[in-house]
Every structure is written in C-alpha cells, then in structure tokens.
Amino acid sequence: MSSDASAARIVSATLRPCSQALSDPDWKFARATVPRLDGWVVVLEDGAGVRGLGYAHAIPAITDVGDGVAAALAFLLPLLPGRAPAALNGIMRDVDARLAFANSAKAAIDMALHDLLARQLGVPLHVLLGGAVRAAVAQARIVPIKAPAAMAAHAAQLAQQGYRQLKLKLAGDALDVARVAEVRAAAGADVVLTLDPNQSYDAKRMMRAFARMERHDIALIEQPLPAADWAGMKLLAGALPPAIEADESAATLDDVLGLVNGRVVDAINLKVTKLGGLRKFAAAAAICEAGGVTCRVGATFGPALLQAAALHAAACVGSLPLGCELAEHLHLRDDPFTPLPVAQGEIAVPDGAGCGVAYAD
C-alpha cells in the first residue's frame with residue numbers, strides 16, 4: 001500500500017456534542033415546543049490530518065432522543081477506522097447491515113464521509129453527488145405557531161429581510177384561518193405562502209379550513225394529515241388547488257418510491273437526516289424526478305454544518321420550483337461552525353473543498 005493511500009484512510013472516528021438554544025425559546029410546531037437542540041457531530045480524521053464532519057439530528061418529536069442517537073453512533077463508529085472514504089458506498093452498506101433504522105445517526109456518518117472524501121480530493125461536496133446545477137439556492141423561512149398577530153409580525157420581518165417564500169406552521173385549531181389571513185396581509189401579495197400543519201388535520205377538516213384560506217393564495221400544503229393516511233393525502237392532492245406535499249409520510253426510500261408510483265402527492269419534502277444520508281437523498285431526488293413529482297429540501301434544524309451538507313445536495317436537484325428551508329440555523333444560538341450566510345433570501349453554494357464550513361475554533 002502506498003503512503004498516500006495509507007494516509008487517506010480514516011484513523012479516528014469521534015463524537016462531539018452540539019447543543020444549541022433557539023433564539024425564541026417558545027418556538028412551536030403542532031407536535032412540540034422546541035426550546036433547544038441537542039445534536040451530535042461525527043468527526044472523521046485521516047492519516048494526513050484532514051477532517052470530515054457530519055451532524056446527527058436529535059429532536060425527540062422529529063427523530064430520536066439525544067442519548068439514543070449517541071448510542072447508535074457509539075455502536076457504529078468503530079466500523080470506520082482503517083477504511084478509505086473512497087469506499088463510501090461499501091462503508092455505508094456495512095453501516096446499514098450493522099444496525100437497523102437510526103437514520104439520523106447514519107446520516108451523520110454519511111455526511112462526514114462525503115465531507116472527508118471531498119476535502120481529500122480538493123473539490124466541493126456537490127461534485128461527489130454529480131455536480132451542482134445552480135450556484136445559489138433560494139430559501140423559505142418558517143413562521144412558528146403563535147397568536148395570529150405575532151405570526152404576522154414575524155412574517156413581515158422575514159419578508160423585509162428578502163425572503164420571498166414563507167412557511168406557516170399551523171396547529172389544526174380554530175385560529176389557523178386567522179393566522180393565514182394576518183400573515184398574508186403583513187407579508188404582502190408577492191410573497192409565496194406555504195402551510196405546514198404537521199399532521200394536525202384529517203382530510204375533511206383540512207378541506208373545510210382551506211375553503212376559508214383559499215383567498216390568501218396558498219402555493220403548497222405540507223403534510224396536513226397523519227403520516228400513515230396516504231389515502232387521505234391522495235384525496236387532498238386531487239381535490240385542492242395547492243400542491244399537497246409529503247414530509248412525515250416520506251421517511252424512507254421505500255416510502256418515496258411508493259408515494260411517487262401511486263401519485264399520492266404532488267411534492268415530497270426530502271431531508272438528508274430523515275432519509276439516512278446524502279446517498280439516499282440523491283436516490284430519492286432521482287425517483288421524484290423520474291416520476292414527475294416535485295421535491296423540496298426541507299427544514300432540518302441544526303447548525304451551519306447540517307445546512308451546508310443539505311445545500312450541496314439541493315444544488316444538484318434538477319428542478320426546485322419552490323424555496324428550500326436551509327436558513328433555519330440563523331435563529332439558533334452558539335453555532336460552533338463557520339458562517340453560512342444568507343443574502344436576499346438565497347444561500348450561495350460554497351466553492352471550496354468539502355461542505356464549505358468547519359469548526360470555527
């Protein structure tokens with residue numbers, strides 16, 4: 001084995017905590033209030049001292065509790081030392097065979113392998129995914145559940161910052177219609193509005209509520225029904241004018257394939273952490289494109305590191321007619337990574353080696 005090949009192999013695989021408070025401790029969606037994020041960073045280092053980083057999402061209402069993610073990573077990381085990142089596909093197959101489920105932990109390993117290999121090769125991460133088709137990715141911002149007037153004020157601030165698409169979290173309650181009306185009035189007619197009830201409706205209630213919201217020009221409704229209610233989602237997709245998008249219904253590649261083959265929804269919200277890594281994200285995007293279903297890259301709360309990896313993936317998607325949600329790191333505190341700035345509602349795809357961010361220290 002040449003010295004160069006030996007130096008490229010992973011010599012250490014370690015885990016670091018990444019705890020961040022939200023700037024708004026009352027940030028709320030239909031299933032939980034999220035005052036802080038307790039995630040984990042996978043750090044892979046090769047024999048030449050090059051490091052690759054990946055982030056494991058750990059929000060109990062969305063993925064898993066932090067201790068569970070940490071236990072999964074502690075079980076999987078010993079598989080990595082001595083392996084070459086260039087064998088990424090084989091490594092991830094071994095990871096999948098070693099442990100069922102645990103997609104967030106697997107996604108962190110997958111991200112770190114991609115980041116390390118891209119840095120070894122001196123190329124941006126998106127090159128490993130086939131190459132970017134856009135230099136910047138338009139962003140949507142999320143308006144969390146509050147009283148209608150408070151949501152309207154927040155929406156107006158985001159619109160003034162240059163965001164041309166906003167996503168309103170809804171609660172499935174009597175105030176949702178007022179929330180939509182007041183946000184539309186505050187944000188203005190030219191801002192694209194999408195809704196995310198996070199499974200808080202059933203099909204008939206969603207139809208009744210939308211009849212009162214329709215005048216406010218809604219572009220898309222994300223996962224209004226429980227994840228298992230594919231029949232209801234298909235009913236809404238055929239009955240309502242806005243695009244109906246699956247999020248929680250699309251937790252695996254098998255789910256994505258079934259949703260596309262059955263033409264259950266108009267769009268699918270793809271997330272690197274939810275699907276288990278960049279490889280599976282790219283496969284899911286290809287399935288959507290082949291089946292004529294729109295995809296978006298949705299919000300996965302976490303630091304700039306997570307958003308940068310997802311940004312590279314988004315840059316490779318053939319068509320992104322709606323904004324992605326990779327700017328939510330801006331309302332998190334104590335981000336340990338170098339900045340990933342947003343300018344006029346867009347994030348430029350970093351052109352340096354790897355994902356484009358690193359530890360700031």
# chains A, B, ... in the order shown; residues from 1 in each chain; ligands from 1
$ select_by_dssp --residues "segment 109-318 of chain A" --states "alpha helix (DSSP H)" --output "PyMOL selection string"
chain A and resi 109-121+148-160+176-187+203-213+230-239+253-261+272-275+278-291+304-315
$ residues_around --residues "Ala56 of chain A" --least-positions-apart "6" --cutoff "12 Å" --atoms "only C-alpha atoms" --output "JSON, numbers by chain"
{"A": [15, 16, 17, 18, 19, 37, 38, 39, 40, 41, 42, 43, 63, 64, 65, 66, 67, 68, 69, 70, 71, 72, 73, 102, 103, 104, 105, 106, 107, 108, 109, 110, 111, 112, 272, 273, 274, 276, 277, 300, 301, 302, 303, 305, 306, 307, 309]}
$ write_last_selection --atoms "C-alpha atoms" --output "CSV table (one decimal), in the first residue's frame"
chain,number,residue,atom,x,y,z
A,15,LEU,CA,-18.3,12.1,18.5
A,16,ARG,CA,-18.8,15.7,19.9
A,17,PRO,CA,-22.0,17.1,21.4
A,18,CYS,CA,-23.6,20.1,19.8
A,19,SER,CA,-26.1,21.8,22.0
A,37,LEU,CA,-31.4,21.3,20.0
A,38,ASP,CA,-29.1,18.6,21.4
A,39,GLY,CA,-27.4,17.0,18.4
A,40,TRP,CA,-24.1,15.3,17.8
A,41,VAL,CA,-21.2,15.9,15.4
A,42,VAL,CA,-19.2,13.0,13.9
A,43,VAL,CA,-15.6,13.9,13.3
A,63,THR,CA,-36.2,11.9,15.0
A,64,ASP,CA,-34.9,10.5,18.3
A,65,VAL,CA,-33.7,11.4,21.8
A,66,GLY,CA,-30.1,12.5,22.0
A,67,ASP,CA,-29.0,9.5,24.1
A,68,GLY,CA,-30.4,7.2,21.5
A,69,VAL,CA,-28.6,8.9,18.7
A,70,ALA,CA,-25.4,8.9,20.7
A,71,ALA,CA,-25.7,5.2,21.5
A,72,ALA,CA,-26.3,4.3,17.8
A,73,LEU,CA,-23.2,6.3,16.8
A,102,ALA,CA,-31.2,5.0,13.3
A,103,ASN,CA,-31.4,7.2,10.1
A,104,SER,CA,-30.1,10.3,11.8
A,105,ALA,CA,-27.0,8.6,13.1
A,106,LYS,CA,-26.4,7.0,9.7
A,107,ALA,CA,-26.9,10.4,8.0
A,108,ALA,CA,-24.1,11.9,10.2
A,109,ILE,CA,-21.7,9.2,9.2
A,110,ASP,CA,-22.6,9.5,5.5
A,111,MET,CA,-22.2,13.3,5.7
A,112,ALA,CA,-18.8,13.0,7.4
A,272,VAL,CA,-30.8,14.3,4.5
A,273,THR,CA,-31.2,13.4,8.1
A,274,LYS,CA,-34.6,11.8,7.7
A,276,GLY,CA,-30.2,8.5,6.2
A,277,GLY,CA,-27.7,10.5,4.3
A,300,THR,CA,-33.7,20.0,9.4
A,301,PHE,CA,-32.9,22.1,12.4
A,302,GLY,CA,-29.3,22.2,13.2
A,303,PRO,CA,-26.1,24.2,12.9
A,305,LEU,CA,-22.7,22.2,9.2
A,306,LEU,CA,-26.0,20.4,8.6
A,307,GLN,CA,-27.4,23.2,6.4
A,309,ALA,CA,-24.4,19.5,3.5
$ closest_residue --among "A:Ala156, A:Met92, A:Leu117, A:Ala267" --to "Gln223 of chain A" --atoms "only C-alpha atoms"
A:Ala267
$ residues_around --residues "Leu170 of chain A" --least-positions-apart "4" --cutoff "12 Å" --atoms "only C-alpha atoms" --output "VMD selection string"
chain A and resid 28 to 32 142 to 148 151 174 to 180 183 194 to 201 206 209 221 to 225
$ residues_around --residues "Arg51 of chain A" --least-positions-apart "3" --cutoff "12 Å" --atoms "only C-alpha atoms" --output "PDB file with N, CA and C atoms, in the first residue's frame"
ATOM      1  N   ALA A   8      -4.745   8.343   3.448  1.00  0.00           N
ATOM      2  CA  ALA A   8      -6.137   8.684   3.159  1.00  0.00           C
ATOM      3  C   ALA A   8      -7.114   7.896   4.016  1.00  0.00           C
ATOM      4  N   ARG A   9      -6.656   6.853   4.656  1.00  0.00           N
ATOM      5  CA  ARG A   9      -7.575   6.037   5.460  1.00  0.00           C
ATOM      6  C   ARG A   9      -7.946   6.749   6.760  1.00  0.00           C
ATOM      7  N   ILE A  10      -9.105   6.428   7.246  1.00  0.00           N
ATOM      8  CA  ILE A  10      -9.597   7.020   8.490  1.00  0.00           C
ATOM      9  C   ILE A  10      -8.798   6.458   9.666  1.00  0.00           C
ATOM     10  N   VAL A  11      -8.265   7.345  10.477  1.00  0.00           N
ATOM     11  CA  VAL A  11      -7.522   6.894  11.656  1.00  0.00           C
ATOM     12  C   VAL A  11      -8.305   7.117  12.947  1.00  0.00           C
ATOM     13  N   SER A  12      -9.292   8.010  12.918  1.00  0.00           N
ATOM     14  CA  SER A  12     -10.102   8.202  14.121  1.00  0.00           C
ATOM     15  C   SER A  12     -11.519   8.605  13.728  1.00  0.00           C
ATOM     16  N   ALA A  13     -12.478   8.155  14.526  1.00  0.00           N
ATOM     17  CA  ALA A  13     -13.887   8.489  14.332  1.00  0.00           C
ATOM     18  C   ALA A  13     -14.442   8.829  15.710  1.00  0.00           C
ATOM     19  N   THR A  14     -14.677  10.094  15.950  1.00  0.00           N
ATOM     20  CA  THR A  14     -15.072  10.553  17.282  1.00  0.00           C
ATOM     21  C   THR A  14     -16.400  11.298  17.223  1.00  0.00           C
ATOM     22  N   VAL A  41     -22.019  15.711  16.571  1.00  0.00           N
ATOM     23  CA  VAL A  41     -21.167  15.875  15.393  1.00  0.00           C
ATOM     24  C   VAL A  41     -20.213  14.693  15.299  1.00  0.00           C
ATOM     25  N   VAL A  42     -20.194  14.051  14.145  1.00  0.00           N
ATOM     26  CA  VAL A  42     -19.230  12.993  13.856  1.00  0.00           C
ATOM     27  C   VAL A  42     -17.995  13.635  13.231  1.00  0.00           C
ATOM     28  N   VAL A  43     -16.838  13.351  13.790  1.00  0.00           N
ATOM     29  CA  VAL A  43     -15.570  13.876  13.282  1.00  0.00           C
ATOM     30  C   VAL A  43     -14.706  12.706  12.816  1.00  0.00           C
ATOM     31  N   LEU A  44     -14.447  12.660  11.511  1.00  0.00           N
ATOM     32  CA  LEU A  44     -13.559  11.650  10.940  1.00  0.00           C
ATOM     33  C   LEU A  44     -12.254  12.315  10.555  1.00  0.00           C
ATOM     34  N   GLU A  45     -11.130  11.678  10.897  1.00  0.00           N
ATOM     35  CA  GLU A  45      -9.819  12.244  10.553  1.00  0.00           C
ATOM     36  C   GLU A  45      -8.983  11.178   9.877  1.00  0.00           C
ATOM     37  N   ASP A  46      -8.291  11.590   8.792  1.00  0.00           N
ATOM     38  CA  ASP A  46      -7.427  10.639   8.093  1.00  0.00           C
ATOM     39  C   ASP A  46      -5.983  10.761   8.577  1.00  0.00           C
ATOM     40  N   GLY A  47      -5.104   9.951   7.999  1.00  0.00           N
ATOM     41  CA  GLY A  47      -3.718   9.919   8.439  1.00  0.00           C
ATOM     42  C   GLY A  47      -2.942  11.178   8.142  1.00  0.00           C
ATOM     43  N   ALA A  48      -3.470  12.031   7.272  1.00  0.00           N
ATOM     44  CA  ALA A  48      -2.813  13.295   6.962  1.00  0.00           C
ATOM     45  C   ALA A  48      -3.394  14.455   7.761  1.00  0.00           C
ATOM     46  N   GLY A  54     -19.910  15.489  10.107  1.00  0.00           N
ATOM     47  CA  GLY A  54     -21.314  15.209   9.845  1.00  0.00           C
ATOM     48  C   GLY A  54     -22.132  15.473  11.092  1.00  0.00           C
ATOM     49  N   PRO A  85     -12.274   6.553   2.768  1.00  0.00           N
ATOM     50  CA  PRO A  85     -13.528   7.228   2.417  1.00  0.00           C
ATOM     51  C   PRO A  85     -13.950   7.020   0.969  1.00  0.00           C
ATOM     52  N   MET A 111     -22.622  11.933   5.893  1.00  0.00           N
ATOM     53  CA  MET A 111     -22.178  13.313   5.668  1.00  0.00           C
ATOM     54  C   MET A 111     -20.682  13.456   5.916  1.00  0.00           C
ATOM     55  N   ALA A 112     -20.214  12.895   7.025  1.00  0.00           N
ATOM     56  CA  ALA A 112     -18.799  13.023   7.373  1.00  0.00           C
ATOM     57  C   ALA A 112     -17.913  12.334   6.334  1.00  0.00           C
ATOM     58  N   LEU A 113     -18.345  11.192   5.833  1.00  0.00           N
ATOM     59  CA  LEU A 113     -17.579  10.501   4.784  1.00  0.00           C
ATOM     60  C   LEU A 113     -17.518  11.336   3.512  1.00  0.00           C
ATOM     61  N   HIS A 114     -18.643  11.888   3.109  1.00  0.00           N
ATOM     62  CA  HIS A 114     -18.647  12.744   1.916  1.00  0.00           C
ATOM     63  C   HIS A 114     -17.746  13.958   2.109  1.00  0.00           C
ATOM     64  N   ASP A 115     -17.861  14.585   3.281  1.00  0.00           N
ATOM     65  CA  ASP A 115     -17.066  15.785   3.552  1.00  0.00           C
ATOM     66  C   ASP A 115     -15.574  15.458   3.542  1.00  0.00           C
ATOM     67  N   LEU A 116     -15.201  14.345   4.186  1.00  0.00           N
ATOM     68  CA  LEU A 116     -13.795  13.958   4.226  1.00  0.00           C
ATOM     69  C   LEU A 116     -13.274  13.635   2.835  1.00  0.00           C
ATOM     70  N   LEU A 117     -14.025  12.862   2.067  1.00  0.00           N
ATOM     71  CA  LEU A 117     -13.566  12.498   0.723  1.00  0.00           C
ATOM     72  C   LEU A 117     -13.442  13.734  -0.162  1.00  0.00           C
ATOM     73  N   ALA A 118     -14.415  14.637  -0.091  1.00  0.00           N
ATOM     74  CA  ALA A 118     -14.346  15.857  -0.900  1.00  0.00           C
ATOM     75  C   ALA A 118     -13.135  16.704  -0.515  1.00  0.00           C
ATOM     76  N   ARG A 119     -12.819  16.784   0.772  1.00  0.00           N
ATOM     77  CA  ARG A 119     -11.653  17.555   1.202  1.00  0.00           C
ATOM     78  C   ARG A 119     -10.355  16.873   0.753  1.00  0.00           C
ATOM     79  N   GLN A 120     -10.333  15.547   0.795  1.00  0.00           N
ATOM     80  CA  GLN A 120      -9.149  14.836   0.307  1.00  0.00           C
ATOM     81  C   GLN A 120      -8.924  15.113  -1.176  1.00  0.00           C
ATOM     82  N   ALA A 353     -13.247  23.263  -0.848  1.00  0.00           N
ATOM     83  CA  ALA A 353     -13.253  21.814  -0.664  1.00  0.00           C
ATOM     84  C   ALA A 353     -14.206  21.414   0.455  1.00  0.00           C
ATOM     85  N   GLY A 354     -14.914  20.316   0.256  1.00  0.00           N
ATOM     86  CA  GLY A 354     -15.816  19.808   1.269  1.00  0.00           C
ATOM     87  C   GLY A 354     -17.136  20.538   1.289  1.00  0.00           C
ATOM     88  N   CYS A 355     -17.786  20.517   2.458  1.00  0.00           N
ATOM     89  CA  CYS A 355     -19.127  21.102   2.560  1.00  0.00           C
ATOM     90  C   CYS A 355     -19.103  22.624   2.616  1.00  0.00           C
ATOM     91  N   VAL A 357     -18.096  24.507   5.369  1.00  0.00           N
ATOM     92  CA  VAL A 357     -17.968  25.050   6.727  1.00  0.00           C
ATOM     93  C   VAL A 357     -17.088  24.112   7.538  1.00  0.00           C
ATOM     94  N   ALA A 358     -16.566  24.640   8.638  1.00  0.00           N
ATOM     95  CA  ALA A 358     -15.712  23.863   9.533  1.00  0.00           C
ATOM     96  C   ALA A 358     -15.893  24.414  10.937  1.00  0.00           C
ATOM     97  N   TYR A 359     -15.322  23.735  11.914  1.00  0.00           N
ATOM     98  CA  TYR A 359     -15.357  24.291  13.268  1.00  0.00           C
ATOM     99  C   TYR A 359     -14.706  25.661  13.276  1.00  0.00           C
TER     100      TYR A 359
END
$ closest_residue --among "A:Val260, A:Gly130, A:Lys271, A:Gly90" --to "Ala290 of chain A" --atoms "only C-alpha atoms"
A:Val260
$ select_by_dssp --residues "segment 32-265 of chain A" --states "strand (DSSP E)" --output "PyMOL selection string"
chain A and resi 32-33+36-46+51-56+136-138+141-143+165-169+192-196+218-222+243-246
$ atom_distance --atom1 "atom CA of Leu340 of chain A" --atom2 "atom CA of Leu278 of chain A"
18.9 Å
$ atom_distance --atom1 "atom CA of Val293 of chain A" --atom2 "atom CA of Leu259 of chain A"
9.1 Å
$ closest_residue --among "A:Asn269, A:Ser249, A:Asn89, A:Thr338" --to "Glu325 of chain A" --atoms "only C-alpha atoms"
A:Asn269
